[in-house]
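Data block for final06.csv (CSV, C-alpha atoms):
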chain,number,residue,atom,x,y,z
Q,989,MET,CA,0.0,0.0,0.0
Q,990,LEU,CA,3.0,2.2,0.5
Q,991,LYS,CA,4.5,2.7,-3.0
Q,992,ARG,CA,8.3,2.5,-3.2
Q,993,VAL,CA,10.1,5.2,-5.2
Q,994,ILE,CA,11.9,3.8,-8.3
Q,995,GLU,CA,15.1,5.5,-7.1
Q,996,ASN,CA,15.4,3.1,-4.1
Q,997,PRO,CA,17.8,2.7,-2.4
Q,998,LEU,CA,18.4,6.4,-2.0
Q,999,LEU,CA,21.7,5.9,0.0
Q,1000,PHE,CA,24.1,3.0,-0.2
Q,1001,PRO,CA,27.1,2.4,2.2
Q,1002,LYS,CA,30.4,3.6,0.8
Q,1003,PRO,CA,33.2,1.0,1.2
Q,1004,GLU,CA,35.8,3.7,0.5
Q,1005,SER,CA,34.5,5.8,3.4
Q,1006,TRP,CA,35.5,4.5,6.9
Q,1007,TRP,CA,32.6,6.1,8.7
Q,1008,GLU,CA,29.8,4.7,6.5
Q,1009,GLY,CA,31.6,1.7,4.9
Q,1010,GLU,CA,29.4,-1.0,6.4
Q,1011,ALA,CA,25.8,0.4,6.3
Q,1012,VAL,CA,23.6,3.4,6.2
Q,1013,LEU,CA,20.1,3.2,7.7
Q,1014,ASN,CA,17.2,4.6,9.8
Q,1015,PRO,CA,17.0,8.2,8.5
Q,1016,SER,CA,15.1,11.2,9.8
Q,1017,VAL,CA,14.4,14.0,7.4
Q,1018,VAL,CA,13.2,17.6,7.7
Q,1019,LYS,CA,12.4,20.2,5.0
Q,1020,LEU,CA,14.1,23.5,5.8
Q,1021,LYS,CA,12.5,26.9,5.3
Q,1022,GLU,CA,14.5,27.4,2.1
Q,1023,GLY,CA,13.0,24.2,0.6
Q,1024,LYS,CA,16.0,22.0,1.0
Q,1025,TYR,CA,15.7,18.6,2.6
Q,1026,LEU,CA,18.1,17.7,5.4
Q,1027,MET,CA,18.7,14.1,6.5
Q,1028,LEU,CA,20.3,12.7,9.6
Q,1029,TYR,CA,21.0,9.0,9.5
Q,1030,ARG,CA,22.8,6.2,11.2
Q,1031,ALA,CA,26.0,5.1,9.6
Q,1032,ILE,CA,28.0,2.0,10.5
Q,1033,THR,CA,31.7,2.2,10.2
Q,1034,SER,CA,34.1,-0.2,8.5
Q,1035,LYS,CA,36.1,-2.4,10.9
Q,1036,LEU,CA,38.0,-0.3,13.4
Q,1037,GLN,CA,40.9,-1.8,15.4
Q,1038,ARG,CA,40.4,-1.7,19.2
Q,1039,GLY,CA,43.3,-4.0,20.2
Q,1040,ILE,CA,45.4,-6.8,19.0
Q,1041,ASN,CA,43.3,-8.9,16.7
Q,1042,ASP,CA,40.3,-7.0,18.0
Q,1043,TYR,CA,38.2,-5.2,15.4
Q,1044,ILE,CA,34.7,-3.6,15.9
Q,1045,ASN,CA,32.1,-1.6,14.0
Q,1046,ILE,CA,30.6,1.4,15.7
Q,1047,SER,CA,27.8,3.7,14.6
Q,1048,VAL,CA,27.9,7.5,14.0
Q,1049,ILE,CA,25.3,9.9,12.7
Q,1050,GLY,CA,25.7,11.3,9.2
Q,1051,VAL,CA,24.1,14.3,7.6
Q,1052,ALA,CA,23.2,14.8,3.9
Q,1053,GLU,CA,21.1,17.3,1.9
Q,1054,SER,CA,18.9,17.2,-1.1
Q,1055,GLU,CA,16.9,19.6,-3.3
Q,1056,ASP,CA,14.2,17.1,-4.2
Q,1057,GLY,CA,14.0,14.6,-1.3
Q,1058,LEU,CA,15.5,11.8,-3.4
Q,1059,ASN,CA,19.0,12.7,-4.4
Q,1060,PHE,CA,21.0,13.3,-1.2
Q,1061,GLU,CA,24.5,14.7,-1.5
Q,1062,ASN,CA,27.3,16.3,0.6
Q,1063,ARG,CA,27.4,13.4,3.1
Q,1064,GLU,CA,29.4,14.1,6.2
Q,1065,ILE,CA,29.6,13.0,9.8
Q,1066,PHE,CA,27.3,15.1,11.9
Q,1067,PHE,CA,28.5,13.6,15.2
Q,1068,GLY,CA,29.9,10.4,16.6
Q,1069,PRO,CA,30.6,9.0,20.1
Q,1070,GLU,CA,32.2,11.6,22.3
Q,1071,TYR,CA,31.3,10.9,25.9
Q,1072,TYR,CA,31.4,7.8,28.2
Q,1073,TRP,CA,27.6,7.3,28.0
Q,1074,GLU,CA,27.8,6.9,24.2
Q,1075,CYS,CA,31.3,5.7,23.8
Q,1076,TYR,CA,30.6,2.8,21.4
Q,1077,SER,CA,27.8,4.1,19.2
Q,1078,VAL,CA,25.3,6.8,18.5
Q,1079,GLU,CA,22.3,5.5,16.5
Q,1080,ASP,CA,18.9,6.1,14.9
Q,1081,PRO,CA,18.4,9.9,15.1
Q,1082,ARG,CA,15.0,11.6,15.0
Q,1083,ILE,CA,14.7,15.3,14.2
Q,1084,SER,CA,11.9,17.4,15.7
Q,1085,PRO,CA,11.7,21.1,14.7
Q,1086,TYR,CA,10.6,23.5,17.4
Q,1087,LYS,CA,10.5,27.2,16.7
Q,1088,GLU,CA,14.1,28.1,15.7
Q,1089,LYS,CA,15.8,25.0,16.9
Q,1090,TYR,CA,15.8,21.2,16.3
Q,1091,PHE,CA,15.6,18.5,18.9
Q,1092,ILE,CA,17.6,15.4,17.9
Q,1093,THR,CA,16.9,12.3,19.9
Q,1094,TYR,CA,19.2,9.3,19.4
Q,1095,THR,CA,20.2,6.0,21.0
Q,1096,ALA,CA,23.5,6.0,23.0
Q,1097,VAL,CA,25.4,2.8,23.5
Q,1098,SER,CA,28.2,2.5,26.0
Q,1099,LYS,CA,29.2,-1.1,25.8
Q,1100,LEU,CA,30.0,-3.7,23.1
Q,1101,PRO,CA,28.4,-6.1,22.8
Q,1102,PRO,CA,25.5,-3.9,24.1
Q,1103,ASP,CA,23.3,-5.0,27.0
Q,1104,PRO,CA,20.1,-3.3,28.1
Q,1105,LYS,CA,21.5,-1.1,30.9
Q,1106,HIS,CA,24.1,0.4,28.4
Q,1107,VAL,CA,21.5,1.3,25.7
Q,1108,ARG,CA,19.6,4.6,26.5
Q,1109,LEU,CA,18.0,7.5,24.9
Q,1110,ALA,CA,20.0,10.7,24.5
Q,1111,LEU,CA,19.3,14.2,23.2
Q,1112,ALA,CA,21.1,16.9,21.2
Q,1113,LEU,CA,20.1,20.3,20.0
Q,1114,THR,CA,21.0,22.2,16.8
Q,1115,GLU,CA,19.9,25.4,15.1
Q,1116,ASP,CA,21.7,25.0,11.8
Q,1117,PHE,CA,22.9,21.3,11.4
Q,1118,LYS,CA,26.5,22.7,11.4
Q,1119,SER,CA,27.0,22.8,15.2
Q,1120,TYR,CA,25.2,21.0,18.0
Q,1121,LYS,CA,25.0,20.7,21.7
Q,1122,LYS,CA,24.6,17.3,23.4
Q,1123,GLU,CA,22.4,17.3,26.5
Q,1124,GLY,CA,23.2,13.8,27.5
Q,1125,ILE,CA,21.2,10.8,28.5
Q,1126,VAL,CA,17.5,11.7,29.0
Q,1127,CYS,CA,16.1,8.4,30.3
Q,1128,PRO,CA,18.0,6.5,33.0
Q,1129,VAL,CA,16.7,3.0,32.0
Q,1130,ASN,CA,17.0,0.8,28.9
Q,1131,SER,CA,15.4,3.0,26.2
Q,1132,LYS,CA,15.6,4.1,22.5
Q,1133,ALA,CA,13.6,5.3,19.6
Q,1134,GLY,CA,12.3,8.6,21.1
Q,1135,VAL,CA,10.9,11.7,19.5
Q,1136,ILE,CA,9.8,15.1,20.9
Q,1137,PHE,CA,6.6,16.5,19.5
Q,1138,PRO,CA,7.1,19.7,17.5
Q,1139,ARG,CA,4.7,21.7,19.7
Q,1140,LYS,CA,3.6,21.9,23.3
Q,1141,PHE,CA,0.5,20.5,25.0
Q,1142,ASN,CA,-0.9,22.6,27.9
Q,1143,GLY,CA,2.4,24.4,28.1
Q,1144,LYS,CA,4.5,21.2,28.3
Q,1145,TYR,CA,6.8,19.4,25.9
Q,1146,ALA,CA,5.9,15.9,25.0
Q,1147,LEU,CA,8.5,13.1,24.5
Q,1148,MET,CA,7.4,9.7,23.1
Q,1149,LEU,CA,9.9,6.9,23.6
Q,1150,THR,CA,10.4,3.2,23.8
Q,1151,VAL,CA,11.2,1.9,27.3
Q,1152,TYR,CA,12.7,-1.5,27.9
Q,1153,PRO,CA,13.1,-2.3,24.1
Q,1154,ASP,CA,15.6,-5.0,25.0
Q,1155,LEU,CA,13.6,-6.4,27.9
Q,1156,PRO,CA,10.3,-7.5,26.6
Q,1157,PRO,CA,7.5,-6.6,26.8
Q,1158,SER,CA,8.6,-3.2,25.6
Q,1159,ARG,CA,6.4,-0.1,26.1
Q,1160,ILE,CA,5.9,3.2,24.4
Q,1161,TYR,CA,5.5,6.0,26.9
Q,1162,LEU,CA,4.4,9.6,26.3
Q,1163,VAL,CA,6.2,11.8,28.8
Q,1164,TYR,CA,5.4,15.4,29.5
Q,1165,PHE,CA,8.1,17.8,30.8
Q,1166,ASP,CA,8.7,21.5,31.4
Q,1167,LYS,CA,12.4,21.7,30.6
Q,1168,ILE,CA,15.2,19.5,29.4
Q,1169,SER,CA,16.7,19.3,32.9
Q,1170,ASP,CA,13.6,17.4,34.0
Q,1171,LEU,CA,14.6,14.6,31.7
Q,1172,LYS,CA,18.0,14.3,33.5
Q,1173,ASP,CA,16.4,14.3,37.0
Q,1174,PRO,CA,16.2,10.8,38.5
Q,1175,GLU,CA,13.3,11.9,40.7
Q,1176,PHE,CA,11.3,12.9,37.6
Q,1177,TRP,CA,11.8,9.5,36.1
Q,1178,LYS,CA,11.0,7.8,39.3
Q,1179,ASN,CA,7.5,9.4,39.0
Q,1180,VAL,CA,7.3,8.6,35.3
Q,1181,LEU,CA,8.1,4.9,35.6
Q,1182,SER,CA,6.2,4.2,38.8
Q,1183,TYR,CA,3.4,1.8,38.3
Q,1184,PRO,CA,0.5,2.3,38.5
Q,1185,GLU,CA,0.7,5.8,40.1
Q,1186,ARG,CA,2.5,7.5,37.2
Q,1187,GLU,CA,2.9,11.2,37.1
Q,1188,GLU,CA,3.5,13.2,33.9
Q,1189,ALA,CA,3.3,10.1,31.7
Q,1190,GLU,CA,1.0,7.7,29.9
Q,1191,ILE,CA,1.6,4.3,28.4
Q,1192,VAL,CA,0.7,4.5,24.7
Q,1193,LEU,CA,1.4,1.0,23.6
Q,1194,GLU,CA,2.6,-2.1,25.5
Q,1195,GLY,CA,3.9,-5.4,24.2
Q,1196,LYS,CA,1.8,-8.5,24.9
Q,1197,GLN,CA,1.8,-12.2,24.3
Q,1198,GLY,CA,2.6,-12.9,20.7
Q,1199,LYS,CA,3.5,-9.3,20.1
Q,1200,GLU,CA,6.2,-8.6,22.7
Q,1201,PHE,CA,7.9,-5.7,21.0
Q,1202,VAL,CA,6.5,-2.3,20.2
Q,1203,GLU,CA,8.7,0.7,19.2
Q,1204,VAL,CA,8.4,4.3,18.2
Q,1205,GLY,CA,9.0,4.8,14.4
Q,1206,SER,CA,8.9,8.1,12.6
Q,1207,THR,CA,8.6,11.6,13.9
Q,1208,PRO,CA,4.9,12.5,14.1
Q,1209,ILE,CA,3.1,14.5,11.4
Q,1210,GLU,CA,0.4,17.0,12.5
Q,1211,LEU,CA,-2.7,16.9,10.3
Q,1212,ASP,CA,-5.9,18.8,10.7
Q,1213,ASP,CA,-7.6,16.3,13.0
Q,1214,PHE,CA,-4.9,14.1,14.4
Q,1215,TRP,CA,-1.2,13.1,14.6
Q,1216,LEU,CA,0.1,10.6,12.2
Q,1217,MET,CA,3.0,8.3,13.1
Q,1218,PHE,CA,4.5,5.4,11.3
Q,1219,ILE,CA,5.7,2.5,13.5
Q,1220,PRO,CA,7.4,-0.8,12.9
Q,1221,ASP,CA,5.3,-3.9,12.9
Q,1222,ILE,CA,7.7,-6.4,14.6
Q,1223,VAL,CA,7.4,-10.1,14.1
Q,1224,TYR,CA,9.1,-12.0,17.0
Q,1225,GLU,CA,8.8,-15.8,17.2
Q,1226,ASN,CA,10.5,-18.4,19.3
Q,1227,GLY,CA,12.9,-15.9,20.8
Q,1228,GLU,CA,14.0,-14.5,17.4
Q,1229,PHE,CA,13.2,-11.5,15.4
Q,1230,LYS,CA,11.7,-12.5,12.0
Q,1231,SER,CA,10.6,-9.4,10.2
Q,1232,PHE,CA,10.1,-5.6,10.5
Q,1233,ARG,CA,7.3,-4.2,8.5
Q,1234,ILE,CA,5.8,-0.7,8.3
Q,1235,SER,CA,2.5,0.2,9.9
Q,1236,ALA,CA,0.9,3.5,11.0
Q,1237,MET,CA,-1.2,4.8,13.8
Q,1238,VAL,CA,-3.1,8.1,14.4
Q,1239,LEU,CA,-3.1,9.9,17.8
Q,1240,ASP,CA,-5.5,12.4,19.3
Q,1241,LYS,CA,-4.7,16.0,18.3
Q,1242,GLU,CA,-4.6,17.4,21.9
Q,1243,ASP,CA,-3.8,14.2,23.8
Q,1244,PRO,CA,-1.3,12.2,21.8
Q,1245,SER,CA,-1.3,9.5,24.4
Q,1246,LYS,CA,-4.7,8.4,23.0
Q,1247,VAL,CA,-4.4,6.1,20.0
Q,1248,LEU,CA,-7.4,6.7,17.6
Q,1249,GLY,CA,-6.6,3.9,15.2
Q,1250,PHE,CA,-4.1,1.7,13.4
Q,1251,THR,CA,-3.6,0.4,9.9
Q,1252,LYS,CA,-5.5,-2.8,9.4
Q,1253,LYS,CA,-2.4,-4.6,8.4
Q,1254,PRO,CA,1.2,-3.5,7.5
Q,1255,LEU,CA,1.5,-0.9,4.7
Q,1256,LEU,CA,4.8,-2.3,3.5
Q,1257,TYR,CA,6.4,-5.7,3.8
Q,1258,PRO,CA,10.1,-6.2,3.2
Q,1259,LYS,CA,9.7,-8.1,-0.1
Q,1260,VAL,CA,12.2,-6.7,-2.6
Q,1261,GLU,CA,15.8,-7.7,-2.6
Q,1262,TYR,CA,17.2,-4.6,-1.0
Q,1263,GLU,CA,14.9,-5.1,2.0
Q,1264,ARG,CA,15.6,-8.8,2.5
Q,1265,LEU,CA,18.2,-10.6,4.6
Q,1266,PHE,CA,19.1,-14.0,3.2
Q,1267,ASN,CA,21.5,-15.5,5.8
Q,1268,SER,CA,19.8,-14.6,9.1
Q,1269,PRO,CA,16.7,-15.5,11.2
Q,1270,ILE,CA,15.4,-12.1,10.2
Q,1271,GLU,CA,13.7,-12.4,6.8
Q,1272,GLY,CA,13.6,-8.7,6.1
Q,1273,ILE,CA,13.7,-5.2,7.5
Q,1274,ALA,CA,11.7,-2.1,6.5
Q,1275,PHE,CA,12.0,0.2,9.5
Q,1276,PRO,CA,10.2,3.6,9.4
Q,1277,SER,CA,12.2,6.3,11.1
Q,1278,GLY,CA,11.3,9.5,9.1
Q,1279,ALA,CA,8.1,11.0,7.6
Q,1280,LEU,CA,7.1,14.2,5.9
Q,1281,ILE,CA,4.0,15.5,4.2
Q,1282,ASP,CA,4.0,17.4,0.9
Q,1283,ASP,CA,0.5,18.7,0.0
Q,1284,ASP,CA,-1.5,15.5,0.5
Q,1285,ILE,CA,1.4,13.1,-0.2
Q,1286,VAL,CA,2.9,11.4,2.9
Q,1287,GLU,CA,6.6,10.5,2.4
Q,1288,VAL,CA,8.1,7.7,4.5
Q,1289,TYR,CA,11.8,7.3,4.8
Q,1290,TYR,CA,13.0,3.9,6.1
Q,1291,GLY,CA,16.0,1.7,6.8
Q,1292,ALA,CA,16.1,-1.4,4.5
Q,1293,ALA,CA,17.8,-4.6,5.6
Q,1294,ASP,CA,19.8,-2.6,8.1
Q,1295,ARG,CA,22.0,-1.6,5.2
Q,1296,TYR,CA,20.3,1.0,2.9
Q,1297,ILE,CA,18.1,4.1,3.1
Q,1298,CYS,CA,14.8,4.0,1.1
Q,1299,LYS,CA,11.6,6.0,0.6
Q,1300,ALA,CA,7.9,5.2,-0.1
Q,1301,TYR,CA,4.8,7.3,-0.3
Q,1302,ILE,CA,1.0,7.3,-0.1
Q,1303,THR,CA,-1.7,9.9,-0.2
Q,1304,VAL,CA,-3.5,10.8,3.0
Q,1305,GLU,CA,-6.8,9.9,1.4
Q,1306,GLU,CA,-5.5,6.4,0.5
Q,1307,LEU,CA,-3.9,5.9,3.8
Q,1308,MET,CA,-7.1,6.6,5.8
Q,1309,LYS,CA,-8.8,3.7,4.0
Q,1310,TYR,CA,-6.5,1.3,5.9
Q,1311,ILE,CA,-6.9,2.8,9.4
Q,1312,THR,CA,-9.5,1.5,11.8
Kindly return the structure encoded in the file as structure tokens.
Amino acid sequence: MLKRVIENPLLFPKPESWWEGEAVLNPSVVKLKEGKYLMLYRAITSKLQRGINDYINISVIGVAESEDGLNFENREIFFGPEYYWECYSVEDPRISPYKEKYFITYTAVSKLPPDPKHVRLALALTEDFKSYKKEGIVCPVNSKAGVIFPRKFNGKYALMLTVYPDLPPSRIYLVYFDKISDLKDPEFWKNVLSYPEREEAEIVLEGKQGKEFVEVGSTPIELDDFWLMFIPDIVYENGEFKSFRISAMVLDKEDPSKVLGFTKKPLLYPKVEYERLFNSPIEGIAFPSGALIDDDIVEVYYGAADRYICKAYITVEELMKYIT
């Protein structure tokens, strides 16, 4: 139901480039005021030597720009690991515009191989995508795939994030906060994560038997009557991930913790060669991490097979036929 663009994949890894030699994936895209498209994306390095006969791949975040949303050029590192809490990888950025600045949420990894307590959501800010300020870890427990909504609700910011993504069942929380320092306050998170007497937070989705994993996907798009967000439909069987497909959900305009509807079935299955994995328990990956709207066309940017960056599209009218 999502139509792939014929230009797919939009970005390939570059073997000659150490910082994106292995893979490029999971993009987030914004359209700047001057009409240019700006993409941040996860890039996996070629093998780096850590010690004698010890080589590793780490992730950095790249930046690219485009005039048409299809042909991305001027690829550079935007930032990589700099601090102890992200010393092995920075992954999966989401961009949220807010007034004259941009929030960038990303996953910070501080151990290889990673374990749940060393995978947490982090935040950076930028005004021009040339410089940035890292705010640090903004959730003290196992977390990833977060996005800040591009406007306030009753005077508060709203952060949607995936909590315990590596300790099923995972949960998607909506967390309201007044200022960034709240997100770095252990007492604030104690109230957010307490159960059932939560303050400043709601559980939006929760994994269940047969569907243990839920995860935030793209940045939300504000339409006339609701918020639209694309999410991964994750197939997990017998202790193994089998497939990541693209679905969508709509959220209440003034209370985005309320889910108004889901697509009846996934909008895109990883069926074509560049989305498939042929030597793994995972059959294929199409992971939606970016979305824009242009007139009545919704454009979805996604990571394919954990190796490429792709794009698909659908009209709002057509999409609504599949949401219940």
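Here atom CA of Ile1219 of chain Q stands at a distance of 24.9 Å from atom CA of Tyr1183 of chain Q.
Counting from atom CA of Ala1279 of chain Q, the distance to atom CA of Ser1206 of chain Q is 5.8 Å.
Near Asp1282 of chain Q, within a cut-off of 12 Å and counting all atoms listed in the file, sit the residues Q:Val1018, Q:Lys1019, Q:Gly1023, Q:Tyr1025, Q:Asp1056, Q:Gly1057, Q:Ile1209, Q:Leu1211, Q:Ala1279, Q:Leu1280, Q:Asp1284, Q:Ile1285, Q:Val1286, Q:Glu1287, Q:Val1288, Q:Tyr1301, Q:Ile1302, Q:Thr1303, Q:Val1304, with same-chain residues fewer than 2 positions away left out.
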At a cut-off of 6 Å, can you tabulate as a tab-separated table every residue of segment 1071-1112 of chain Q near segment 1137-1161 of chain Q together with its closest atom pair and the distance in Å to one decimal, using all atoms listed in the file and ordering rows by chain then number?
residue	atom	partner	partner_atom	distance
Q:Ser1084	CA	Q:Pro1138	CA	5.6
Q:Pro1085	CA	Q:Pro1138	CA	5.6
Q:Tyr1086	CA	Q:Pro1138	CA	5.2
Q:Pro1104	CA	Q:Asp1154	CA	5.7
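The space separating atom CA of Gly1205 of chain Q from atom CA of Ile1222 of chain Q comes to 11.3 Å.
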Long-range neighbours of Phe1176 of chain Q as a count of residues only, 12 Å cut-off, all atoms listed in the file, 2 positions minimum in chain = 24
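Counting only C-alpha atoms and comparing Q:Glu1123, Q:Glu1175, Q:Asp1283, Q:Glu1225, the residue that lies closest to Gln1197 of chain Q is Q:Glu1225.
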May I have the residues at most 7 Å from (12.9, 7.8, 1.9) in the file's coordinates, counting all atoms listed in the file, as a ChimeraX atom specification?
-> /Q:998,1287-1290,1297-1300
Hey, can you spit out that residue selection with C-alpha atoms as a compact mmCIF listing (two decimals), keeping the file's coordinate frame?
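So out-v5.txt came out as:
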# COMPACT_ATOMS: atom_id res chain seq x y z
CA LEU Q 998 18.40 6.40 -2.00
CA GLU Q 1287 6.60 10.50 2.40
CA VAL Q 1288 8.10 7.70 4.50
CA TYR Q 1289 11.80 7.30 4.80
CA TYR Q 1290 13.00 3.90 6.10
CA ILE Q 1297 18.10 4.10 3.10
CA CYS Q 1298 14.80 4.00 1.10
CA LYS Q 1299 11.60 6.00 0.60
CA ALA Q 1300 7.90 5.20 -0.10
Nearest to Phe1214 of chain Q, chosen from Q:Leu1026, Q:Ile1136, Q:Leu1239, Q:Val1017, with all atoms listed in the file counted in the distances | Q:Leu1239
Within 8 Å of segment 1034-1048 of chain Q: each segment 1066-1180 of chain Q residue with its shortest pair, all atoms listed in the file, as a Markdown table:
| residue | atom | partner | partner_atom | distance |
| --- | --- | --- | --- | --- |
| Q:Phe1066 | CA | Q:Val1048 | CA | 7.9 |
| Q:Phe1067 | CA | Q:Val1048 | CA | 6.2 |
| Q:Gly1068 | CA | Q:Val1048 | CA | 4.4 |
| Q:Pro1069 | CA | Q:Val1048 | CA | 6.8 |
| Q:Tyr1076 | CA | Q:Ile1046 | CA | 5.9 |
| Q:Ser1077 | CA | Q:Ser1047 | CA | 4.6 |
| Q:Val1078 | CA | Q:Val1048 | CA | 5.2 |
| Q:Glu1079 | CA | Q:Ser1047 | CA | 6.1 |
Sel. within 9 Å of pt (20.3, 25.7, 11.6), counting all atoms listed in the file, output as a PyMOL selection string | chain Q and resi 1020+1088-1090+1114-1119
Quick one: everything within 7 Å of Trp1007 of chain Q, counting all atoms listed in the file, minus sequence neighbours fewer than 3 positions away in the same chain. Send it as a ChimeraX atom specification.
-> /Q:1031-1034
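Taking all atoms listed in the file into account, Met989 of chain Q lies nearest to Q:Lys1253 out of the set Q:Lys1253, Q:Lys1105, Q:Lys1087, Q:Arg1295.
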